[in-house]
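Engineer: File structure_4.cif follows (mmCIF, C-alpha atoms and all ligand atoms):
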```cif
data_run
loop_
_atom_site.label_atom_id
_atom_site.label_comp_id
_atom_site.auth_asym_id
_atom_site.auth_seq_id
_atom_site.Cartn_x
_atom_site.Cartn_y
_atom_site.Cartn_z
CA MET D 1 7.78 -12.47 -14.69
CA THR D 2 5.76 -10.21 -12.39
CA LEU D 3 7.08 -6.89 -11.14
CA GLU D 4 7.48 -8.35 -7.66
CA GLU D 5 9.58 -11.23 -9.04
CA ILE D 6 11.74 -8.82 -11.03
CA VAL D 7 12.35 -6.55 -8.06
CA THR D 8 13.08 -9.50 -5.75
CA LYS D 9 15.60 -10.90 -8.22
CA SER D 10 17.40 -7.58 -8.82
CA SER D 11 20.30 -6.33 -6.74
CA GLY D 12 21.28 -3.16 -8.62
CA MET D 13 18.19 -1.37 -9.83
CA VAL D 14 18.02 2.17 -11.17
CA PHE D 15 14.81 4.18 -11.28
CA PHE D 16 14.29 6.71 -14.07
CA GLY D 17 11.30 8.95 -13.40
CA GLY D 18 9.41 12.00 -14.56
CA ALA D 19 6.63 14.33 -13.54
CA GLY D 20 4.15 11.41 -13.21
CA VAL D 21 6.03 10.24 -10.11
CA SER D 22 4.85 13.33 -8.25
CA THR D 23 1.24 13.64 -9.47
CA GLU D 24 0.11 11.47 -6.53
CA SER D 25 1.75 14.09 -4.31
CA GLY D 26 -0.57 16.69 -5.85
CA ILE D 27 1.91 18.23 -8.33
CA PRO D 28 0.48 18.35 -11.87
CA ASP D 29 2.62 16.96 -14.68
CA PHE D 30 2.94 18.67 -18.06
CA ARG D 31 1.33 16.39 -20.64
CA SER D 32 -1.53 14.44 -18.97
CA GLU D 33 -5.20 15.38 -19.44
CA ASP D 34 -5.03 17.58 -16.34
CA GLY D 35 -1.40 18.60 -16.95
CA LEU D 36 -0.06 22.12 -17.11
CA TYR D 37 0.21 22.14 -20.91
CA ARG D 38 -3.55 21.63 -21.26
CA GLN D 39 -4.31 24.78 -19.28
CA LYS D 40 -4.81 28.02 -21.17
CA TYR D 41 -2.11 30.68 -20.96
CA ASP D 42 -1.39 33.70 -23.15
CA VAL D 43 2.19 32.45 -23.42
CA SER D 44 2.74 28.68 -23.48
CA PRO D 45 4.50 27.06 -20.49
CA GLU D 46 7.30 25.86 -22.81
CA VAL D 47 8.05 29.46 -23.75
CA MET D 48 7.60 30.74 -20.19
CA LEU D 49 10.05 28.12 -18.89
CA SER D 50 12.72 28.96 -21.45
CA ALA D 51 16.00 30.70 -20.69
CA SER D 52 15.30 33.44 -23.24
CA TYR D 53 11.95 34.24 -21.56
CA PHE D 54 13.57 34.26 -18.10
CA TYR D 55 16.08 36.93 -19.16
CA ALA D 56 13.64 38.98 -21.30
CA HIS D 57 10.56 38.85 -18.99
CA PRO D 58 11.73 38.04 -15.44
CA GLU D 59 8.58 39.52 -13.78
CA GLU D 60 6.26 37.26 -15.79
CA PHE D 61 8.58 34.30 -15.39
CA PHE D 62 8.53 34.54 -11.60
CA ARG D 63 4.75 35.06 -11.48
CA PHE D 64 4.27 31.75 -13.32
CA TYR D 65 7.11 30.03 -11.49
CA ARG D 66 5.80 30.92 -8.00
CA GLU D 67 2.24 29.92 -8.93
CA LYS D 68 2.96 26.65 -10.76
CA MET D 69 6.48 25.40 -10.11
CA LEU D 70 6.96 25.87 -6.36
CA PRO D 71 4.77 23.25 -4.66
CA LEU D 72 6.40 23.53 -1.26
CA HIS D 73 3.39 21.95 0.48
CA ALA D 74 3.84 18.63 -1.39
CA LYS D 75 4.92 15.50 0.49
CA PRO D 76 6.59 12.33 -0.81
CA ASN D 77 4.15 9.62 -1.87
CA ALA D 78 4.40 5.83 -1.75
CA ALA D 79 6.67 5.72 -4.83
CA HIS D 80 9.25 8.12 -3.39
CA LYS D 81 9.17 6.24 -0.06
CA LYS D 82 9.53 2.75 -1.54
CA LEU D 83 12.53 3.84 -3.65
CA ALA D 84 14.23 5.27 -0.56
CA ASP D 85 13.59 1.93 1.23
CA TRP D 86 15.11 -0.02 -1.67
CA GLU D 87 18.23 2.14 -1.64
CA ARG D 88 18.61 1.59 2.13
CA ALA D 89 18.08 -2.15 1.60
CA GLY D 90 20.94 -2.16 -0.97
CA LYS D 91 18.73 -3.02 -3.95
CA LEU D 92 18.64 0.34 -5.71
CA LEU D 93 21.77 2.10 -7.01
CA ALA D 94 20.25 5.45 -7.86
CA VAL D 95 17.24 7.52 -8.79
CA VAL D 96 17.56 9.49 -12.01
CA THR D 97 14.81 12.09 -12.14
CA GLN D 98 13.57 14.74 -14.51
CA ASN D 99 11.69 16.30 -11.60
CA ILE D 100 12.73 19.46 -9.85
CA ASP D 101 10.62 19.11 -6.71
CA GLY D 102 13.11 17.48 -4.32
CA LEU D 103 10.61 14.84 -3.17
CA HIS D 104 13.01 11.90 -3.57
CA GLN D 105 15.44 13.49 -1.11
CA ALA D 106 12.53 14.41 1.18
CA ALA D 107 11.64 10.70 1.27
CA GLY D 108 15.22 9.78 2.22
CA SER D 109 16.86 8.86 -1.10
CA LYS D 110 20.58 9.72 -1.13
CA THR D 111 21.83 9.07 -4.66
CA VAL D 112 19.55 11.20 -6.80
CA TYR D 113 20.59 12.61 -10.18
CA GLU D 114 18.37 15.61 -10.83
CA LEU D 115 18.74 16.04 -14.58
CA HIS D 116 16.73 19.25 -14.61
CA GLY D 117 17.96 20.75 -11.35
CA SER D 118 15.95 21.63 -8.27
CA VAL D 119 13.63 24.38 -7.08
CA HIS D 120 15.37 24.06 -3.72
CA ARG D 121 18.55 25.68 -5.04
CA ASN D 122 18.47 29.26 -6.24
CA TYR D 123 21.53 31.34 -6.87
CA CYS D 124 22.51 34.94 -7.48
CA THR D 125 23.56 35.32 -11.11
CA LYS D 126 26.13 37.94 -9.99
CA CYS D 127 27.82 36.67 -6.79
CA ARG D 128 26.62 33.00 -6.75
CA VAL D 129 25.22 33.10 -3.19
CA PHE D 130 22.47 30.46 -2.75
CA TYR D 131 18.89 30.99 -1.57
CA SER D 132 16.21 28.51 -0.49
CA ALA D 133 12.92 27.81 -2.27
CA GLU D 134 11.10 29.29 0.72
CA GLU D 135 12.94 32.59 0.25
CA ILE D 136 11.82 32.70 -3.39
CA ALA D 137 8.25 31.66 -2.56
CA SER D 138 7.77 34.26 0.18
CA GLY D 139 8.88 37.22 -1.96
CA THR D 140 7.18 39.11 -4.77
CA GLY D 141 8.47 40.28 -8.13
CA VAL D 142 11.96 39.40 -9.33
CA PRO D 143 13.98 38.06 -6.39
CA ARG D 144 17.15 40.06 -5.76
CA CYS D 145 20.29 39.12 -3.91
CA ARG D 146 21.73 41.33 -1.19
CA CYS D 147 24.37 42.35 -3.78
CA GLY D 148 21.63 43.50 -6.16
CA GLY D 149 21.97 40.60 -8.64
CA THR D 150 18.98 38.68 -9.98
CA ILE D 151 18.38 35.29 -8.33
CA LYS D 152 17.81 32.39 -10.71
CA PRO D 153 16.35 28.98 -9.82
CA ASP D 154 18.90 26.22 -10.39
CA VAL D 155 16.55 24.48 -12.80
CA VAL D 156 17.35 23.68 -16.40
CA LEU D 157 15.17 25.96 -18.53
CA TYR D 158 14.36 25.13 -22.14
CA GLY D 159 17.38 26.13 -24.20
CA GLU D 160 19.89 25.48 -21.40
CA PRO D 161 22.32 22.55 -21.27
CA LEU D 162 22.15 19.87 -18.57
CA ASP D 163 24.84 19.81 -15.88
CA ALA D 164 27.68 17.63 -17.19
CA ALA D 165 28.54 15.96 -13.86
CA THR D 166 24.88 15.06 -13.24
CA VAL D 167 24.56 13.57 -16.72
CA GLU D 168 27.73 11.54 -16.23
CA GLY D 169 26.56 10.18 -12.87
CA ALA D 170 23.14 9.30 -14.27
CA VAL D 171 24.52 7.56 -17.35
CA ARG D 172 27.06 5.58 -15.29
CA ALA D 173 24.33 4.40 -12.91
CA ILE D 174 22.06 3.36 -15.80
CA GLU D 175 24.95 1.48 -17.46
CA ARG D 176 25.59 -0.46 -14.22
CA ALA D 177 21.94 -1.33 -13.48
CA ASP D 178 20.68 -4.90 -13.70
CA THR D 179 17.09 -3.62 -13.82
CA LEU D 180 15.89 -0.22 -15.03
CA ILE D 181 12.47 0.96 -13.93
CA VAL D 182 11.15 3.84 -16.02
CA ALA D 183 8.04 5.51 -14.61
CA GLY D 184 5.80 8.56 -14.83
CA THR D 185 7.33 10.05 -17.94
CA SER D 186 6.12 10.66 -21.47
CA LEU D 187 9.74 10.21 -22.65
CA THR D 188 9.45 13.23 -24.91
CA VAL D 189 11.91 15.63 -23.25
CA TYR D 190 15.41 15.28 -24.68
CA PRO D 191 18.23 14.76 -24.01
CA ALA D 192 16.95 13.25 -20.71
CA ALA D 193 14.74 10.60 -22.35
CA GLY D 194 17.69 9.39 -24.42
CA PHE D 195 19.70 8.35 -21.37
CA ILE D 196 17.75 5.12 -20.96
CA ASP D 197 19.49 3.93 -24.16
CA TYR D 198 22.60 3.39 -22.02
CA PHE D 199 20.88 0.55 -20.16
CA ARG D 200 22.65 -2.78 -20.72
CA GLY D 201 20.92 -4.90 -18.08
CA ASP D 202 18.42 -7.72 -18.33
CA ARG D 203 15.11 -6.24 -17.24
CA LEU D 204 13.52 -3.03 -18.50
CA VAL D 205 10.27 -2.15 -16.73
CA LEU D 206 7.88 0.67 -17.56
CA ILE D 207 5.21 1.89 -15.14
CA ASN D 208 3.08 4.62 -16.69
CA ARG D 209 -0.53 5.73 -16.92
CA ASP D 210 -0.41 6.46 -20.67
CA ALA D 211 1.40 4.76 -23.56
CA THR D 212 5.00 5.80 -24.28
CA PRO D 213 7.47 5.20 -27.14
CA LEU D 214 9.23 2.62 -24.92
CA ASP D 215 6.26 0.27 -24.44
CA GLY D 216 7.25 -2.18 -27.19
CA LYS D 217 10.83 -2.57 -25.94
CA CYS D 218 10.17 -3.51 -22.31
CA THR D 219 10.40 -6.76 -20.38
CA LEU D 220 7.28 -5.65 -18.53
CA VAL D 221 4.83 -2.76 -18.97
CA VAL D 222 2.61 -1.91 -16.01
CA ARG D 223 -0.24 0.46 -16.86
CA GLY D 224 -1.09 2.16 -13.59
CA LYS D 225 -0.21 4.76 -11.00
CA VAL D 226 3.39 4.52 -9.94
CA GLY D 227 2.69 5.26 -6.25
CA GLU D 228 0.00 2.58 -6.07
CA VAL D 229 2.13 0.06 -7.99
CA LEU D 230 5.36 0.55 -6.01
CA GLY D 231 3.46 0.94 -2.75
CA GLU D 232 2.32 -2.68 -2.94
CA LEU D 233 5.83 -4.11 -3.38
CA PRO D 234 8.04 -5.31 -0.51
CA SER D 235 10.53 -2.84 0.98
CA PHE D 236 13.22 -5.52 1.61
CA LEU D 237 14.13 -3.83 4.90
CA SER D 238 14.59 -6.38 7.66
P1 LIG J 1 5.15 14.62 -18.78
O1 LIG J 1 4.19 15.57 -18.16
O2 LIG J 1 5.57 14.85 -20.18
O3 LIG J 1 4.55 13.13 -18.73
C1 LIG J 1 4.09 12.58 -17.54
C2 LIG J 1 3.76 11.13 -17.81
O4 LIG J 1 3.49 10.52 -16.55
C3 LIG J 1 2.55 10.90 -18.69
O5 LIG J 1 2.86 9.91 -19.65
C4 LIG J 1 1.46 10.41 -17.73
O6 LIG J 1 0.64 9.42 -18.33
C5 LIG J 1 2.28 9.78 -16.65
N1 LIG J 1 1.69 9.82 -15.31
C6 LIG J 1 1.11 10.87 -14.70
N2 LIG J 1 0.78 10.56 -13.44
C7 LIG J 1 1.15 9.26 -13.26
C8 LIG J 1 1.09 8.35 -12.18
N3 LIG J 1 0.56 8.70 -11.00
N4 LIG J 1 1.58 7.11 -12.35
C9 LIG J 1 2.11 6.71 -13.56
N5 LIG J 1 2.18 7.53 -14.61
C10 LIG J 1 1.73 8.80 -14.47
O7 LIG J 1 6.40 14.53 -17.79
P2 LIG J 1 7.95 14.26 -18.11
O8 LIG J 1 8.11 13.19 -19.11
O9 LIG J 1 8.62 14.17 -16.78
O10 LIG J 1 8.46 15.59 -18.82
C11 LIG J 1 8.06 16.85 -18.36
C12 LIG J 1 9.15 17.77 -17.83
O11 LIG J 1 8.46 18.54 -16.90
C13 LIG J 1 10.28 17.13 -17.10
O12 LIG J 1 11.43 17.57 -17.66
C14 LIG J 1 10.20 17.70 -15.67
O13 LIG J 1 11.39 18.39 -15.36
C15 LIG J 1 9.16 18.77 -15.71
N6 LIG J 1 8.16 18.73 -14.62
C16 LIG J 1 8.53 18.43 -13.35
C17 LIG J 1 7.60 18.39 -12.35
C18 LIG J 1 8.05 18.04 -10.95
O14 LIG J 1 9.19 18.33 -10.58
N7 LIG J 1 7.20 17.40 -10.16
C19 LIG J 1 6.24 18.65 -12.62
C20 LIG J 1 5.90 18.99 -13.94
C21 LIG J 1 6.85 19.02 -14.93
#
```
Transcribe the structure of this file into structure tokens.
Ligand code: NAD
Structural biologist:
Amino acid sequence: MTLEEIVTKSSGMVFFGGAGVSTESGIPDFRSEDGLYRQKYDVSPEVMLSASYFYAHPEEFFRFYREKMLPLHAKPNAAHKKLADWERAGKLLAVVTQNIDGLHQAAGSKTVYELHGSVHRNYCTKCRVFYSAEEIASGTGVPRCRCGGTIKPDVVLYGEPLDAATVEGAVRAIERADTLIVAGTSLTVYPAAGFIDYFRGDRLVLINRDATPLDGKCTLVVRGKVGEVLGELPSFLS
């Protein structure tokens, strides 16, 4: 079956994506040739994006975070847009994403499970007041709340647990899906990558530029750019 035939046949798809979904929007992923992990830093990005580093070295954390993790200029690409169309057309149940960039919502998707949080939510660790990404981006140094508390991005740093309600919603959606499309992810970040094991449906599709551990288990593997691949498919909007 071709991808177009699979998508046409499906009535309850779920999309599971990673950083590769946003590279065509100009946001580098972590593990590709030109990804963030291949760039040279004194402290590795994994360490810099850990909870222990955030609390021990907040100045350095926010320098890296503002420079590399706050791409507020980025716009949704053809993949984000097509998924929003499919949800509106009643063919897609949910997007489950490891991304923190908010581009699925910017494209119009409503049911989005952000397993690793979002740069668009930032909260005071003392009084829990929320701040926007723009407020974090426009400041310098460690962002402080009006109450004096440190503001923390609502993103899941290495060493932190995932939000239980988000995990439950994501797993339930994956369990209900008739087709699961996995795209733009190296499937190496756990526990997120393990959630696709809850899929019970008929058609498992992988769209990725590089090989992944899932390749041998799929109904269909498409080696390509997810924006280009999804962009060519029908939107099913009448
Ligand atoms: P990853 O960097 O480990 O892997 C990305 C995968 O996507 C690679 O296998 C690569 O071949 C593929 N890819 C890249 N561009 C592609 C494209 N246009 N089309 C198809 N495939 C493409 O990413 P990951 O598995 O998501 O894990 C990294 C973690 O980094 C995630 O937890 C995520 O939270 C975080 N992250 C998020 C963003 C973002 O929000 N945009 C950006 C970087 C990293």
Engineer: Give me the residues within 9 Å of stretch 220-224 of chain D as an MDAnalysis selection string, counting all atoms listed in the file and dropping any in the same chain fewer than 2 places off.
Structural biologist: chainID D and resid 1:3 203:211 215:218 226:229
Engineer: List as a list in words the protein and nucleic acid residues near D:Tyr113, meaning an atom at most 10 Å away when only C-alpha atoms are counted, but skip any in the same chain fewer than 6 places from it.
Structural biologist: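 Counting only C-alpha atoms, the residues come to Phe16, Ala94, Val95, Val96, Thr97, Gln98, Asn99, Ala165, Thr166, Val167, Glu168, Gly169, Ala170, Val171 and Ala173 of chain D.
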Engineer: Now that the selection is made, can you save its residues with C-alpha atoms as a PDB file, in the frame of the given file?
Structural biologist:
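Result written to result-v6.pdb:
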```pdb
ATOM      1  CA  PHE D  16      14.290   6.710 -14.070  1.00  0.00           C
ATOM      2  CA  ALA D  94      20.250   5.450  -7.860  1.00  0.00           C
ATOM      3  CA  VAL D  95      17.240   7.520  -8.790  1.00  0.00           C
ATOM      4  CA  VAL D  96      17.560   9.490 -12.010  1.00  0.00           C
ATOM      5  CA  THR D  97      14.810  12.090 -12.140  1.00  0.00           C
ATOM      6  CA  GLN D  98      13.570  14.740 -14.510  1.00  0.00           C
ATOM      7  CA  ASN D  99      11.690  16.300 -11.600  1.00  0.00           C
ATOM      8  CA  ALA D 165      28.540  15.960 -13.860  1.00  0.00           C
ATOM      9  CA  THR D 166      24.880  15.060 -13.240  1.00  0.00           C
ATOM     10  CA  VAL D 167      24.560  13.570 -16.720  1.00  0.00           C
ATOM     11  CA  GLU D 168      27.730  11.540 -16.230  1.00  0.00           C
ATOM     12  CA  GLY D 169      26.560  10.180 -12.870  1.00  0.00           C
ATOM     13  CA  ALA D 170      23.140   9.300 -14.270  1.00  0.00           C
ATOM     14  CA  VAL D 171      24.520   7.560 -17.350  1.00  0.00           C
ATOM     15  CA  ALA D 173      24.330   4.400 -12.910  1.00  0.00           C
TER      16      ALA D 173
END
```
Engineer: Between atom CA of D:Glu87 and atom CA of D:Asp101, what distance in Å does the model show, to one decimal?
Structural biologist: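 Atom CA of D:Glu87 sits 19.3 Å away from atom CA of D:Asp101.
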Engineer: Atom CA of D:Tyr123 and atom CA of D:Ser50, how far apart in Å?
Structural biologist: 17.2 Å
Engineer: Tell me which protein, DNA and RNA residues are within 9 Å of D:Val21, counting only C-alpha atoms, leaving out same-chain ones fewer than 3 positions away, and put them as a PDB file with C-alpha atoms, keeping the file's coordinate frame.
Structural biologist:
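Dumped to out-v9.pdb:
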```
ATOM      1  CA  GLY D  17      11.300   8.950 -13.400  1.00  0.00           C
ATOM      2  CA  GLY D  18       9.410  12.000 -14.560  1.00  0.00           C
ATOM      3  CA  GLU D  24       0.110  11.470  -6.530  1.00  0.00           C
ATOM      4  CA  SER D  25       1.750  14.090  -4.310  1.00  0.00           C
ATOM      5  CA  ASP D  29       2.620  16.960 -14.680  1.00  0.00           C
ATOM      6  CA  ASN D  77       4.150   9.620  -1.870  1.00  0.00           C
ATOM      7  CA  ALA D  79       6.670   5.720  -4.830  1.00  0.00           C
ATOM      8  CA  HIS D  80       9.250   8.120  -3.390  1.00  0.00           C
ATOM      9  CA  ASN D  99      11.690  16.300 -11.600  1.00  0.00           C
ATOM     10  CA  ALA D 183       8.040   5.510 -14.610  1.00  0.00           C
ATOM     11  CA  GLY D 184       5.800   8.560 -14.830  1.00  0.00           C
ATOM     12  CA  THR D 185       7.330  10.050 -17.940  1.00  0.00           C
ATOM     13  CA  LYS D 225      -0.210   4.760 -11.000  1.00  0.00           C
ATOM     14  CA  VAL D 226       3.390   4.520  -9.940  1.00  0.00           C
ATOM     15  CA  GLY D 227       2.690   5.260  -6.250  1.00  0.00           C
TER      16      GLY D 227
END
```
Engineer: Rank nothing, just name the residue among D:Ile6, D:Ile100, D:Leu230, D:Leu92 nearest to ligand LIG 1 (chain J), using only C-alpha atoms and all ligand atoms.
Structural biologist: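 Ranked by minimum distance to ligand LIG 1 (chain J), first place goes to D:Ile100.
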Engineer: Please compute the atom CA of D:Ser186-atom CA of D:Glu5 distance, one decimal, in Å.
Structural biologist: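 These two atoms are separated by 25.4 Å.
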Engineer: Pick from D:Ser52, D:Asn122, D:Gln105, D:Thr23: nearest to ligand LIG 1 (chain J), with all atoms listed in the file counted?
Structural biologist: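 Using all atoms listed in the file, ligand LIG 1 (chain J) sits closest to D:Thr23.
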Engineer: With a cut-off of 9 Å, could you pull out the residues of stretch 103-135 of chain D touching stretch 146-164 of chain D and give me the nearest pair of atoms for each, distance in Å to one decimal, using all atoms listed in the file, ordered by chain and ascending number, as CSV?
Structural biologist:
```
residue,atom,partner,partner_atom,distance
D:Leu115,CA,D:Leu162,CA,6.5
D:His116,CA,D:Val156,CA,4.8
D:Gly117,CA,D:Val155,CA,4.2
D:Ser118,CA,D:Val155,CA,5.4
D:Val119,CA,D:Pro153,CA,6.0
D:His120,CA,D:Asp154,CA,7.8
D:Arg121,CA,D:Asp154,CA,5.4
D:Asn122,CA,D:Pro153,CA,4.2
D:Tyr123,CA,D:Ile151,CA,5.3
D:Cys124,CA,D:Ile151,CA,4.2
D:Thr125,CA,D:Thr150,CA,5.8
D:Lys126,CA,D:Gly149,CA,5.1
D:Cys127,CA,D:Gly149,CA,7.3
D:Arg128,CA,D:Ile151,CA,8.7
D:Val129,CA,D:Ile151,CA,8.8
D:Phe130,CA,D:Ile151,CA,8.4
D:Tyr131,CA,D:Ile151,CA,8.0
D:Ala133,CA,D:Pro153,CA,8.4
```
Engineer: Rank nothing, just name the residue among D:Gly231, D:Gly141, D:Gly90, D:Pro213 nearest to D:Met13, using only C-alpha atoms.
Structural biologist: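 Closest candidate: D:Gly90.
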Engineer: Box along x, y and z, 4 Å on every side, all listed atoms of stretch 226-234 of chain D inside: centre and edge lengths in Å to one decimal, as lines of an AutoDock Vina configuration file.
Structural biologist:
```
center_x = 4.0
center_y = 0.0
center_z = -5.2
size_x = 16.0
size_y = 18.6
size_z = 17.4
```
Engineer: D:Met48: which residues within 12 Å, counting only C-alpha atoms, same-chain residues fewer than 5 positions away excluded, as a ChimeraX atom specification?
Structural biologist: /D:36-37,41-43,53-65,68-69,157-159
Engineer: Given all atoms listed in the file as the basis, pick out the residue of D:Arg38, D:Arg144, D:Lys9, D:Arg200 nearest to ligand LIG 1 (chain J).
Structural biologist: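 Using all atoms listed in the file, the shortest distance to ligand LIG 1 (chain J) belongs to D:Arg38.
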Engineer: Which is closer to ligand LIG 1 (chain J) than all the others in D:Ala19, D:Val7, D:Ile196, D:Ala51, using all atoms listed in the file?
Structural biologist: D:Ala19
